[in-house]
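The data block below is data_37.pdb; it holds PDB, C-alpha atoms.
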```
ATOM      1  CA  MET A   1      66.398  75.990  72.636  1.00  0.00           C
ATOM      2  CA  SER A   2      68.749  78.872  73.400  1.00  0.00           C
ATOM      3  CA  ILE A   3      72.310  78.084  74.439  1.00  0.00           C
ATOM      4  CA  MET A   4      73.295  79.650  77.740  1.00  0.00           C
ATOM      5  CA  SER A   5      76.773  81.050  78.193  1.00  0.00           C
ATOM      6  CA  ARG A   6      78.855  79.088  80.686  1.00  0.00           C
ATOM      7  CA  GLU A   7      82.292  80.529  80.007  1.00  0.00           C
ATOM      8  CA  THR A   8      83.959  83.675  78.726  1.00  0.00           C
ATOM      9  CA  LEU A   9      84.388  83.815  74.970  1.00  0.00           C
ATOM     10  CA  SER A  10      87.972  84.067  73.809  1.00  0.00           C
ATOM     11  CA  LEU A  11      88.274  87.003  71.410  1.00  0.00           C
ATOM     12  CA  ASN A  12      90.235  86.481  68.215  1.00  0.00           C
ATOM     13  CA  ASP A  13      91.283  89.544  66.212  1.00  0.00           C
ATOM     14  CA  GLU A  14      88.031  89.589  64.224  1.00  0.00           C
ATOM     15  CA  MET A  15      85.838  89.405  67.320  1.00  0.00           C
ATOM     16  CA  ARG A  16      87.924  91.956  69.189  1.00  0.00           C
ATOM     17  CA  ASN A  17      87.592  94.431  66.316  1.00  0.00           C
ATOM     18  CA  TYR A  18      83.844  93.791  66.247  1.00  0.00           C
ATOM     19  CA  PHE A  19      83.671  94.260  70.005  1.00  0.00           C
ATOM     20  CA  LEU A  20      85.576  97.552  69.934  1.00  0.00           C
ATOM     21  CA  ASP A  21      83.430  98.783  67.055  1.00  0.00           C
ATOM     22  CA  THR A  22      80.057  97.973  68.588  1.00  0.00           C
ATOM     23  CA  ALA A  23      80.438  97.766  72.361  1.00  0.00           C
ATOM     24  CA  LEU A  24      82.162 101.046  73.220  1.00  0.00           C
ATOM     25  CA  ARG A  25      81.142 104.684  73.287  1.00  0.00           C
ATOM     26  CA  GLU A  26      84.723 105.838  73.651  1.00  0.00           C
ATOM     27  CA  PRO A  27      85.050 109.631  73.770  1.00  0.00           C
ATOM     28  CA  ALA A  28      87.084 110.836  70.804  1.00  0.00           C
ATOM     29  CA  ILE A  29      89.831 112.300  72.990  1.00  0.00           C
ATOM     30  CA  LEU A  30      90.366 108.899  74.642  1.00  0.00           C
ATOM     31  CA  GLY A  31      90.599 107.187  71.273  1.00  0.00           C
ATOM     32  CA  GLU A  32      93.209 109.729  70.194  1.00  0.00           C
ATOM     33  CA  LEU A  33      95.187 109.227  73.400  1.00  0.00           C
ATOM     34  CA  ARG A  34      94.990 105.453  73.001  1.00  0.00           C
ATOM     35  CA  ASP A  35      96.375 105.698  69.449  1.00  0.00           C
ATOM     36  CA  PHE A  36      99.126 108.045  70.634  1.00  0.00           C
ATOM     37  CA  THR A  37     100.109 105.793  73.543  1.00  0.00           C
ATOM     38  CA  ALA A  38     100.217 102.738  71.278  1.00  0.00           C
ATOM     39  CA  GLN A  39     103.518 104.109  69.931  1.00  0.00           C
ATOM     40  CA  HIS A  40     105.059 104.404  73.415  1.00  0.00           C
ATOM     41  CA  ARG A  41     107.881 102.053  74.429  1.00  0.00           C
ATOM     42  CA  VAL A  42     105.751 100.652  77.283  1.00  0.00           C
ATOM     43  CA  ALA A  43     102.386 100.882  75.547  1.00  0.00           C
ATOM     44  CA  LYS A  44     101.333  97.628  77.240  1.00  0.00           C
ATOM     45  CA  MET A  45     100.721  99.701  80.398  1.00  0.00           C
ATOM     46  CA  GLN A  46      97.811 101.461  78.671  1.00  0.00           C
ATOM     47  CA  PHE A  47      94.358 101.083  80.249  1.00  0.00           C
ATOM     48  CA  ALA A  48      92.250  98.983  77.855  1.00  0.00           C
ATOM     49  CA  PRO A  49      89.326 100.789  76.161  1.00  0.00           C
ATOM     50  CA  GLU A  50      86.764  98.321  77.503  1.00  0.00           C
ATOM     51  CA  GLN A  51      88.102  99.026  80.994  1.00  0.00           C
ATOM     52  CA  GLY A  52      87.729 102.740  80.380  1.00  0.00           C
ATOM     53  CA  ALA A  53      84.134 102.229  79.276  1.00  0.00           C
ATOM     54  CA  LEU A  54      83.418 100.224  82.418  1.00  0.00           C
ATOM     55  CA  LEU A  55      85.060 102.862  84.613  1.00  0.00           C
ATOM     56  CA  ILE A  56      82.936 105.616  83.060  1.00  0.00           C
ATOM     57  CA  PHE A  57      79.785 103.513  83.447  1.00  0.00           C
ATOM     58  CA  LEU A  58      80.464 102.710  87.106  1.00  0.00           C
ATOM     59  CA  LEU A  59      81.377 106.274  88.071  1.00  0.00           C
ATOM     60  CA  ARG A  60      78.171 107.553  86.521  1.00  0.00           C
ATOM     61  CA  LEU A  61      76.186 104.753  88.116  1.00  0.00           C
ATOM     62  CA  ILE A  62      77.287 105.738  91.633  1.00  0.00           C
ATOM     63  CA  ARG A  63      77.197 109.463  90.788  1.00  0.00           C
ATOM     64  CA  ALA A  64      80.843 109.823  91.744  1.00  0.00           C
ATOM     65  CA  LYS A  65      82.330 113.263  92.316  1.00  0.00           C
ATOM     66  CA  LYS A  66      85.661 112.392  93.930  1.00  0.00           C
ATOM     67  CA  TYR A  67      88.063 109.871  92.390  1.00  0.00           C
ATOM     68  CA  LEU A  68      91.569 108.732  93.338  1.00  0.00           C
ATOM     69  CA  GLU A  69      93.984 106.694  91.256  1.00  0.00           C
ATOM     70  CA  VAL A  70      97.373 105.146  91.946  1.00  0.00           C
ATOM     71  CA  GLY A  71      99.085 104.817  88.588  1.00  0.00           C
ATOM     72  CA  THR A  72      98.309 107.389  85.892  1.00  0.00           C
ATOM     73  CA  PHE A  73     100.695 106.609  82.990  1.00  0.00           C
ATOM     74  CA  THR A  74      99.678 108.808  80.015  1.00  0.00           C
ATOM     75  CA  GLY A  75      96.328 109.818  81.457  1.00  0.00           C
ATOM     76  CA  TYR A  76      93.662 107.551  79.964  1.00  0.00           C
ATOM     77  CA  SER A  77      91.922 106.542  83.201  1.00  0.00           C
ATOM     78  CA  SER A  78      92.142 109.997  84.777  1.00  0.00           C
ATOM     79  CA  ILE A  79      90.586 111.637  81.722  1.00  0.00           C
ATOM     80  CA  ALA A  80      87.884 108.968  81.604  1.00  0.00           C
ATOM     81  CA  ALA A  81      87.079 109.633  85.266  1.00  0.00           C
ATOM     82  CA  ALA A  82      87.019 113.401  84.856  1.00  0.00           C
ATOM     83  CA  LEU A  83      84.706 113.168  81.841  1.00  0.00           C
ATOM     84  CA  ALA A  84      82.425 110.700  83.617  1.00  0.00           C
ATOM     85  CA  MET A  85      82.025 112.902  86.694  1.00  0.00           C
ATOM     86  CA  GLY A  86      81.583 116.178  84.840  1.00  0.00           C
ATOM     87  CA  PRO A  87      82.981 119.623  85.675  1.00  0.00           C
ATOM     88  CA  GLU A  88      82.208 119.280  89.391  1.00  0.00           C
ATOM     89  CA  GLY A  89      84.163 116.038  89.677  1.00  0.00           C
ATOM     90  CA  ARG A  90      87.631 115.986  91.182  1.00  0.00           C
ATOM     91  CA  VAL A  91      90.469 113.602  90.380  1.00  0.00           C
ATOM     92  CA  ILE A  92      93.626 112.991  92.395  1.00  0.00           C
ATOM     93  CA  ALA A  93      96.230 111.200  90.278  1.00  0.00           C
ATOM     94  CA  CYS A  94      99.236 109.579  91.958  1.00  0.00           C
ATOM     95  CA  ASP A  95     102.281 108.578  89.946  1.00  0.00           C
ATOM     96  CA  LEU A  96     106.047 108.502  90.329  1.00  0.00           C
ATOM     97  CA  VAL A  97     107.262 108.808  86.733  1.00  0.00           C
ATOM     98  CA  GLU A  98     107.568 112.359  85.425  1.00  0.00           C
ATOM     99  CA  GLU A  99     108.125 111.119  81.857  1.00  0.00           C
ATOM    100  CA  PHE A 100     104.649 109.597  81.835  1.00  0.00           C
ATOM    101  CA  THR A 101     102.822 112.339  83.706  1.00  0.00           C
ATOM    102  CA  LYS A 102     104.139 115.073  81.428  1.00  0.00           C
ATOM    103  CA  ILE A 103     102.295 113.315  78.624  1.00  0.00           C
ATOM    104  CA  ALA A 104      99.221 112.950  80.832  1.00  0.00           C
ATOM    105  CA  GLN A 105      99.231 116.662  81.646  1.00  0.00           C
ATOM    106  CA  GLU A 106      99.338 117.542  77.945  1.00  0.00           C
ATOM    107  CA  TRP A 107      96.331 115.328  77.280  1.00  0.00           C
ATOM    108  CA  TRP A 108      94.436 116.642  80.306  1.00  0.00           C
ATOM    109  CA  LYS A 109      94.668 120.057  78.672  1.00  0.00           C
ATOM    110  CA  LYS A 110      93.579 118.689  75.288  1.00  0.00           C
ATOM    111  CA  ALA A 111      90.591 117.056  76.969  1.00  0.00           C
ATOM    112  CA  GLY A 112      89.728 120.277  78.830  1.00  0.00           C
ATOM    113  CA  VAL A 113      89.836 118.577  82.228  1.00  0.00           C
ATOM    114  CA  GLU A 114      93.141 119.853  83.630  1.00  0.00           C
ATOM    115  CA  GLN A 115      91.355 122.014  86.221  1.00  0.00           C
ATOM    116  CA  GLN A 116      89.659 118.917  87.638  1.00  0.00           C
ATOM    117  CA  ILE A 117      92.860 116.918  88.188  1.00  0.00           C
ATOM    118  CA  THR A 118      95.498 117.226  90.902  1.00  0.00           C
ATOM    119  CA  LEU A 119      98.759 115.368  90.271  1.00  0.00           C
ATOM    120  CA  LYS A 120     100.736 113.892  93.165  1.00  0.00           C
ATOM    121  CA  LEU A 121     104.199 113.183  91.719  1.00  0.00           C
ATOM    122  CA  GLN A 122     105.957 111.087  94.344  1.00  0.00           C
ATOM    123  CA  ALA A 123     105.855 107.589  95.783  1.00  0.00           C
ATOM    124  CA  ALA A 124     102.154 106.802  96.128  1.00  0.00           C
ATOM    125  CA  VAL A 125     102.443 105.642  99.733  1.00  0.00           C
ATOM    126  CA  PHE A 126     103.502 109.152 100.756  1.00  0.00           C
ATOM    127  CA  SER A 127     100.607 110.697  98.826  1.00  0.00           C
ATOM    128  CA  LEU A 128      98.110 108.318 100.407  1.00  0.00           C
ATOM    129  CA  GLU A 129      99.498 108.932 103.880  1.00  0.00           C
ATOM    130  CA  THR A 130      99.132 112.666 103.295  1.00  0.00           C
ATOM    131  CA  LEU A 131      95.524 112.292 102.148  1.00  0.00           C
ATOM    132  CA  VAL A 132      94.691 110.419 105.345  1.00  0.00           C
ATOM    133  CA  ALA A 133      96.488 113.025 107.454  1.00  0.00           C
ATOM    134  CA  GLU A 134      94.593 115.819 105.681  1.00  0.00           C
ATOM    135  CA  GLY A 135      91.255 114.290 106.618  1.00  0.00           C
ATOM    136  CA  HIS A 136      90.204 112.646 103.342  1.00  0.00           C
ATOM    137  CA  SER A 137      89.361 109.294 104.941  1.00  0.00           C
ATOM    138  CA  GLY A 138      85.992 107.956 103.797  1.00  0.00           C
ATOM    139  CA  THR A 139      85.462 110.719 101.222  1.00  0.00           C
ATOM    140  CA  PHE A 140      86.392 109.164  97.872  1.00  0.00           C
ATOM    141  CA  ASP A 141      83.706 107.584  95.724  1.00  0.00           C
ATOM    142  CA  CYS A 142      86.208 105.422  93.851  1.00  0.00           C
ATOM    143  CA  MET A 143      89.868 104.461  93.938  1.00  0.00           C
ATOM    144  CA  LEU A 144      91.681 102.781  91.047  1.00  0.00           C
ATOM    145  CA  ILE A 145      94.878 100.848  91.760  1.00  0.00           C
ATOM    146  CA  ASP A 146      97.043 100.334  88.668  1.00  0.00           C
ATOM    147  CA  ALA A 147     100.678 100.715  89.695  1.00  0.00           C
ATOM    148  CA  ASP A 148     103.600  98.737  91.135  1.00  0.00           C
ATOM    149  CA  LYS A 149     102.203  95.287  91.899  1.00  0.00           C
ATOM    150  CA  PRO A 150     104.180  94.364  95.054  1.00  0.00           C
ATOM    151  CA  PHE A 151     102.513  97.291  96.844  1.00  0.00           C
ATOM    152  CA  TYR A 152      98.933  96.322  95.937  1.00  0.00           C
ATOM    153  CA  PRO A 153      98.121  95.007  99.442  1.00  0.00           C
ATOM    154  CA  THR A 154      99.389  98.278 100.932  1.00  0.00           C
ATOM    155  CA  TYR A 155      97.416 100.389  98.467  1.00  0.00           C
ATOM    156  CA  TYR A 156      94.350  98.283  99.223  1.00  0.00           C
ATOM    157  CA  ASP A 157      94.638  99.045 102.927  1.00  0.00           C
ATOM    158  CA  PHE A 158      94.688 102.743 102.096  1.00  0.00           C
ATOM    159  CA  ALA A 159      91.713 102.285  99.772  1.00  0.00           C
ATOM    160  CA  LEU A 160      89.675 100.785 102.591  1.00  0.00           C
ATOM    161  CA  GLU A 161      90.530 103.871 104.633  1.00  0.00           C
ATOM    162  CA  LEU A 162      89.972 106.514 101.960  1.00  0.00           C
ATOM    163  CA  VAL A 163      86.933 105.197 100.050  1.00  0.00           C
ATOM    164  CA  ARG A 164      83.491 105.822 101.521  1.00  0.00           C
ATOM    165  CA  PRO A 165      81.074 103.011 102.405  1.00  0.00           C
ATOM    166  CA  GLY A 166      79.222 102.197  99.203  1.00  0.00           C
ATOM    167  CA  GLY A 167      82.197 103.328  97.122  1.00  0.00           C
ATOM    168  CA  LEU A 168      84.262 101.367  94.636  1.00  0.00           C
ATOM    169  CA  ILE A 169      87.806 100.006  94.703  1.00  0.00           C
ATOM    170  CA  ILE A 170      89.110  98.871  91.311  1.00  0.00           C
ATOM    171  CA  LEU A 171      92.338  96.930  90.778  1.00  0.00           C
ATOM    172  CA  ASP A 172      93.953  96.345  87.383  1.00  0.00           C
ATOM    173  CA  ASN A 173      96.426  93.699  86.119  1.00  0.00           C
ATOM    174  CA  MET A 174      95.222  91.021  88.493  1.00  0.00           C
ATOM    175  CA  PHE A 175      96.113  88.240  86.015  1.00  0.00           C
ATOM    176  CA  LEU A 176      99.688  89.337  85.206  1.00  0.00           C
ATOM    177  CA  GLY A 177      99.418  87.744  81.799  1.00  0.00           C
ATOM    178  CA  GLY A 178      98.074  84.521  83.313  1.00  0.00           C
ATOM    179  CA  ARG A 179     101.106  83.895  85.505  1.00  0.00           C
ATOM    180  CA  VAL A 180      99.141  84.277  88.755  1.00  0.00           C
ATOM    181  CA  ALA A 181      97.418  80.945  88.144  1.00  0.00           C
ATOM    182  CA  HIS A 182     100.640  78.979  88.682  1.00  0.00           C
ATOM    183  CA  PRO A 183     103.507  81.062  90.127  1.00  0.00           C
ATOM    184  CA  LYS A 184     106.933  79.668  89.270  1.00  0.00           C
ATOM    185  CA  PRO A 185     110.253  80.173  91.085  1.00  0.00           C
ATOM    186  CA  HIS A 186     111.630  82.199  88.171  1.00  0.00           C
ATOM    187  CA  HIS A 187     108.686  84.632  88.176  1.00  0.00           C
ATOM    188  CA  PRO A 188     108.996  88.082  89.757  1.00  0.00           C
ATOM    189  CA  ALA A 189     107.919  88.278  93.395  1.00  0.00           C
ATOM    190  CA  SER A 190     104.841  90.244  92.303  1.00  0.00           C
ATOM    191  CA  VAL A 191     103.342  87.088  90.754  1.00  0.00           C
ATOM    192  CA  GLN A 192     103.190  85.214  94.065  1.00  0.00           C
ATOM    193  CA  ILE A 193     102.048  88.367  95.842  1.00  0.00           C
ATOM    194  CA  LEU A 194      99.076  88.827  93.508  1.00  0.00           C
ATOM    195  CA  HIS A 195      98.332  85.087  93.520  1.00  0.00           C
ATOM    196  CA  ASP A 196      97.875  85.277  97.289  1.00  0.00           C
ATOM    197  CA  PHE A 197      96.241  88.703  97.198  1.00  0.00           C
ATOM    198  CA  ASN A 198      93.542  87.563  94.758  1.00  0.00           C
ATOM    199  CA  ARG A 199      92.427  84.936  97.251  1.00  0.00           C
ATOM    200  CA  GLN A 200      92.546  87.459 100.087  1.00  0.00           C
ATOM    201  CA  LEU A 201      90.253  89.799  98.177  1.00  0.00           C
ATOM    202  CA  ARG A 202      87.845  86.998  97.311  1.00  0.00           C
ATOM    203  CA  ASP A 203      87.428  86.165 101.005  1.00  0.00           C
ATOM    204  CA  ASP A 204      87.477  89.696 102.466  1.00  0.00           C
ATOM    205  CA  PRO A 205      84.130  90.306 104.244  1.00  0.00           C
ATOM    206  CA  ARG A 206      84.626  94.073 104.152  1.00  0.00           C
ATOM    207  CA  VAL A 207      83.857  94.209 100.422  1.00  0.00           C
ATOM    208  CA  GLU A 208      81.637  92.705  97.748  1.00  0.00           C
ATOM    209  CA  HIS A 209      83.889  91.136  95.131  1.00  0.00           C
ATOM    210  CA  ALA A 210      83.815  90.575  91.380  1.00  0.00           C
ATOM    211  CA  MET A 211      86.773  89.697  89.159  1.00  0.00           C
ATOM    212  CA  LEU A 212      86.402  90.270  85.422  1.00  0.00           C
ATOM    213  CA  PRO A 213      88.513  89.015  82.478  1.00  0.00           C
ATOM    214  CA  ALA A 214      88.831  92.561  81.142  1.00  0.00           C
ATOM    215  CA  GLY A 215      92.228  93.790  80.049  1.00  0.00           C
ATOM    216  CA  ASP A 216      94.794  91.885  82.111  1.00  0.00           C
ATOM    217  CA  GLY A 217      92.249  91.037  84.795  1.00  0.00           C
ATOM    218  CA  MET A 218      90.176  93.621  86.641  1.00  0.00           C
ATOM    219  CA  THR A 219      88.786  93.279  90.159  1.00  0.00           C
ATOM    220  CA  LEU A 220      85.831  95.372  91.303  1.00  0.00           C
ATOM    221  CA  LEU A 221      85.174  95.806  95.000  1.00  0.00           C
ATOM    222  CA  PHE A 222      82.154  97.453  96.605  1.00  0.00           C
ATOM    223  CA  LYS A 223      83.075  98.695 100.067  1.00  0.00           C
ATOM    224  CA  ARG A 224      80.488  97.757 102.660  1.00  0.00           C
TER     225      ARG A 224
END
```
Once you've parsed the file, please lay out its structure as structure tokens.
Amino acid sequence: MSIMSRETLSLNDEMRNYFLDTALREPAILGELRDFTAQHRVAKMQFAPEQGALLIFLLRLIRAKKYLEVGTFTGYSSIAAALAMGPEGRVIACDLVEEFTKIAQEWWKKAGVEQQITLKLQAAVFSLETLVAEGHSGTFDCMLIDADKPFYPTYYDFALELVRPGGLIILDNMFLGGRVAHPKPHHPASVQILHDFNRQLRDDPRVEHAMLPAGDGMTLLFKR
């Protein structure tokens, strides 16, 4: 009799190495960027390789050609999106930190995708407001939210406006290292915000919902 899986397997170092070796088709440039970013002082902000593989898979699955992200860091997710969509694909990357985006721009050039990517270097809310004002509502195939956590509900509202019906909204860091399960008074305000927001997303009838234990928690939403 076969044993059916009823829970997610916890990966020890041996299993994680096996997983990374056999489960991913990570483009070489992304592996190089991941190794480079591992030396950064805030390397923990790096998009996990299994998340990158899922992003590429999903973008190709829906034949995406227009992608928006809030939170770019050193460029892993934006490069993954550009490669997944091909030369005709367009990426808009929103970030506030010039230190990070200078690195991203260097790697966009190394990956040969710099012509596909437009950087919006300012507070993301202003960039999203501008996109709405410029008539981009309902035109994006996918939006990734991976930035300052207290603003996730605000970014989500913009995502519902900017992403087309049948498009994807992806949110990263929905576990906050496990703290969202039981927010404590000494935790940052973002912990309680995401604790409540996770339940809001689960019950939102405007989207189909799936939360995955990938990286630090990844929520996938299909906009109806």
Compile the contact shell of Lys120 (chain A) as an NGL selection string: residues with an atom at most 10 Å away, counting only C-alpha atoms, same-chain residues fewer than 4 positions apart removed. :A and (70 or 92-96 or 101 or 124 or 126-128)
Just the residues within 10 Å of Arg179 (chain A), please, counting only C-alpha atoms, with nothing from its chain fewer than 3 positions along; format it as JSON, numbers by chain. {"A": [174, 175, 176, 182, 183, 184, 187, 188, 191, 192, 194, 195]}
Let me know the residues the PyMOL selection byres ((chain A and resi 10-25) around 9) catches in the file above, as a short mmCIF file (atom, residue, chain, number, x, y, z; two decimals) with C-alpha atoms, in the frame of the given file.
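As written to disk, part.cif reads:
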```cif
data_model
loop_
_atom_site.label_atom_id
_atom_site.label_comp_id
_atom_site.auth_asym_id
_atom_site.auth_seq_id
_atom_site.Cartn_x
_atom_site.Cartn_y
_atom_site.Cartn_z
CA THR A 8 83.96 83.68 78.73
CA LEU A 9 84.39 83.82 74.97
CA GLU A 26 84.72 105.84 73.65
CA PRO A 27 85.05 109.63 73.77
CA ALA A 28 87.08 110.84 70.80
CA PRO A 49 89.33 100.79 76.16
CA GLU A 50 86.76 98.32 77.50
CA ALA A 53 84.13 102.23 79.28
#
```
Using the chain letters and numbers from this file, what does the PyMOL selection byres ((chain A and resi 162-165) around 6) select? Give the answer as a list in words.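 With the shown file as input, the PyMOL selection byres ((chain A and resi 162-165) around 6) matches Ser137, Gly138, Thr139, Phe140, Asp141, Ala159, Leu160, Glu161, Gly166, Gly167, Lys223 and Arg224 of chain A.
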What would the file look like if the residues just selected were written as a short mmCIF file (atom, residue, chain, number, x, y, z; two decimals), in the coordinates of the input with C-alpha atoms?
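Ended up saving to selection_16.cif:
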```
data_model
loop_
_atom_site.label_atom_id
_atom_site.label_comp_id
_atom_site.auth_asym_id
_atom_site.auth_seq_id
_atom_site.Cartn_x
_atom_site.Cartn_y
_atom_site.Cartn_z
CA SER A 137 89.36 109.29 104.94
CA GLY A 138 85.99 107.96 103.80
CA THR A 139 85.46 110.72 101.22
CA PHE A 140 86.39 109.16 97.87
CA ASP A 141 83.71 107.58 95.72
CA ALA A 159 91.71 102.28 99.77
CA LEU A 160 89.68 100.78 102.59
CA GLU A 161 90.53 103.87 104.63
CA GLY A 166 79.22 102.20 99.20
CA GLY A 167 82.20 103.33 97.12
CA LYS A 223 83.08 98.70 100.07
CA ARG A 224 80.49 97.76 102.66
#
```
Draw an axis-aligned box over all listed atoms of region 131-143 of chain A, pad each side with 6 Å, and write its centre and edge lengths in Å, one decimal, as JSON.
```
{"center_x": 90.1, "center_y": 110.1, "center_z": 100.7, "size_x": 24.8, "size_y": 23.4, "size_z": 25.6}
```
Which residues fall under the PyMOL selection byres ((chain A and resi 64) around 12) in this file, as a PyMOL selection string? chain A and resi 55-63+65-68+81-91+139-143+163-164+166-168
Same residues, C-alpha atoms, output as an mmCIF file, in the frame of the given file:
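Output saved as again-v9.cif:
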```
data_model
loop_
_atom_site.group_PDB
_atom_site.id
_atom_site.type_symbol
_atom_site.label_atom_id
_atom_site.label_comp_id
_atom_site.auth_asym_id
_atom_site.auth_seq_id
_atom_site.Cartn_x
_atom_site.Cartn_y
_atom_site.Cartn_z
ATOM 1 C CA LEU A 55 85.060 102.862 84.613
ATOM 2 C CA ILE A 56 82.936 105.616 83.060
ATOM 3 C CA PHE A 57 79.785 103.513 83.447
ATOM 4 C CA LEU A 58 80.464 102.710 87.106
ATOM 5 C CA LEU A 59 81.377 106.274 88.071
ATOM 6 C CA ARG A 60 78.171 107.553 86.521
ATOM 7 C CA LEU A 61 76.186 104.753 88.116
ATOM 8 C CA ILE A 62 77.287 105.738 91.633
ATOM 9 C CA ARG A 63 77.197 109.463 90.788
ATOM 10 C CA LYS A 65 82.330 113.263 92.316
ATOM 11 C CA LYS A 66 85.661 112.392 93.930
ATOM 12 C CA TYR A 67 88.063 109.871 92.390
ATOM 13 C CA LEU A 68 91.569 108.732 93.338
ATOM 14 C CA ALA A 81 87.079 109.633 85.266
ATOM 15 C CA ALA A 82 87.019 113.401 84.856
ATOM 16 C CA LEU A 83 84.706 113.168 81.841
ATOM 17 C CA ALA A 84 82.425 110.700 83.617
ATOM 18 C CA MET A 85 82.025 112.902 86.694
ATOM 19 C CA GLY A 86 81.583 116.178 84.840
ATOM 20 C CA PRO A 87 82.981 119.623 85.675
ATOM 21 C CA GLU A 88 82.208 119.280 89.391
ATOM 22 C CA GLY A 89 84.163 116.038 89.677
ATOM 23 C CA ARG A 90 87.631 115.986 91.182
ATOM 24 C CA VAL A 91 90.469 113.602 90.380
ATOM 25 C CA THR A 139 85.462 110.719 101.222
ATOM 26 C CA PHE A 140 86.392 109.164 97.872
ATOM 27 C CA ASP A 141 83.706 107.584 95.724
ATOM 28 C CA CYS A 142 86.208 105.422 93.851
ATOM 29 C CA MET A 143 89.868 104.461 93.938
ATOM 30 C CA VAL A 163 86.933 105.197 100.050
ATOM 31 C CA ARG A 164 83.491 105.822 101.521
ATOM 32 C CA GLY A 166 79.222 102.197 99.203
ATOM 33 C CA GLY A 167 82.197 103.328 97.122
ATOM 34 C CA LEU A 168 84.262 101.367 94.636
#
```
Please measure the separation of CA of Arg34 (chain A) and CA of Thr118 (chain A), giving the value in Å to one decimal.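 Value for the CA of Arg34 (chain A)-CA of Thr118 (chain A) distance: 21.4 Å.
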Nearest to Ser77 (chain A) among A:Glu208, A:Asp196, A:Asp216, A:Asp146, with distances taken over all atoms listed in the file: which residue is it?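 So, comparing all the options, the nearest one is A:Asp146.
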Counting only C-alpha atoms, the residue of A:Ile193, A:Ser78, A:His136, A:Leu54 that sits nearest Gln116 (chain A):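 Closest residue, counting only C-alpha atoms: A:Ser78.
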Gln105 (chain A) environment, 9 Å, only C-alpha atoms, sequence neighbours closer than 2 positions dropped, as a list in words: Thr74, Gly75, Phe100, Thr101, Lys102, Ile103, Trp107, Trp108, Lys109, Lys110, Glu114 and Leu119 of chain A
Separation of CA of Gln115 (chain A) and CA of Val132 (chain A), in Å? 22.6 Å
